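Report on the following structure.
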Amino acid sequence: MTWLMVIAGAAVGAPLRYLTDQFVQSRHGTAFAWGTLTANVLGSLALGLLTGAVAGIKGADPVLADRLDLLIGTGLCGALTTYSTFSYETLQLTRSGARLYALANVALTLTAGMGVYYAGTALGHAGWA
């Protein structure tokens with residue numbers, strides 16, 4: 001049952017990542033990886049909201065909390081966010097001579113991702129406090 005929850009979440013997360021990347025990237029005329037950045041930040045926000053909400057749900061219904069964590073956290077957010085594509089695109093920017101874009105990609109991905117994760121956790125937890 002556990003692996004089915006992960007697969008179900010990933011079945012939504014992976015196409016969502018692809019569609020997000022294509023949608024965002026098609027609207028920017030630069031080599032910068034806006035699509036991957038957007039997918040990673042959205043996934044970090046979703047994971048933060050889930051983490052905060054699950055902390056509140058766990059006391060009332062630990063089974064539901066665990067299932068949501070598998071479905072949305074591991075499955076959907078795991079497939080929506082992508083460290084490998086982030087790494088690859090950063091290296092490609094460096095190799096093509098766009099070192100400033102590569103540095104900006106790292107800085108924005110890390111700061112925005114962590115920032116929205118913590119904000120999402122606070123919001124998710126506040127909803128159950």
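In the structure tokens, chains take letters A, B, ... by order of appearance, with residues numbered from 1 within each chain and ligands from 1 in the order shown.
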
### Query
Which polymer residues have any atom within 12 Å of an atom of stretch 54-64 of chain A, counting only C-alpha atoms, with same-chain residues fewer than 2 positions away left out, as JSON, numbers by chain?
{"A": [2, 5, 46, 47, 48, 49, 50, 51, 52, 66, 67, 68, 69, 70, 71, 72, 73, 120, 121, 122, 123, 124, 125, 126, 127, 128, 129]}

### Task
as a PyMOL selection string, please: all residues of chain A that backbone DSSP puts in alpha helix (DSSP H).
chain A and resi 2-25+34-60+62-68+78-80+83-95+99-126

### Task
Quick one: everything within 12 Å of A:Leu91, counting only C-alpha atoms, minus sequence neighbours fewer than 3 positions away in the same chain. Send it as JSON, numbers by chain.
{"A": [32, 33, 84, 85, 86, 87, 88, 94, 95, 96, 97, 98, 99, 100, 101, 102, 103, 105, 106]}

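Among the candidates A:Gly78, A:Gly43, A:Pro15, A:Gly9, the one nearest to A:Gly113 when counting only C-alpha atoms is A:Gly43.
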
### Query
Please, what distance in Å, to one decimal, runs between atom CA of A:Asn40 and atom CA of A:Gly75?
14.1 Å

### Long-range neighbours of A:Met114 as a list in words, 9 Å cut-off, only C-alpha atoms, 5 positions minimum in chain
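Skipping anything fewer than 5 positions along the chain leaves Val41, Ser44, Leu45, Thr109 and Ala119 of chain A.
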
Using N, CA and C atoms, can you write the selected residues to a file as a PDB file, in the first residue's frame?
ATOM      1  N   VAL A  41      10.521  25.630  -6.573  1.00  0.00           N
ATOM      2  CA  VAL A  41       9.978  26.519  -5.544  1.00  0.00           C
ATOM      3  C   VAL A  41       8.535  26.126  -5.213  1.00  0.00           C
ATOM      4  N   SER A  44       8.676  23.023  -3.103  1.00  0.00           N
ATOM      5  CA  SER A  44       9.128  23.331  -1.744  1.00  0.00           C
ATOM      6  C   SER A  44       8.004  23.955  -0.921  1.00  0.00           C
ATOM      7  N   LEU A  45       7.227  24.826  -1.551  1.00  0.00           N
ATOM      8  CA  LEU A  45       6.084  25.423  -0.862  1.00  0.00           C
ATOM      9  C   LEU A  45       5.055  24.348  -0.502  1.00  0.00           C
ATOM     10  N   THR A 109      17.518  29.247  -6.280  1.00  0.00           N
ATOM     11  CA  THR A 109      16.902  27.963  -5.964  1.00  0.00           C
ATOM     12  C   THR A 109      17.001  27.667  -4.475  1.00  0.00           C
ATOM     13  N   ALA A 119       8.042  29.144   5.152  1.00  0.00           N
ATOM     14  CA  ALA A 119       6.783  29.903   5.170  1.00  0.00           C
ATOM     15  C   ALA A 119       5.589  28.952   5.065  1.00  0.00           C
TER      16      ALA A 119
END
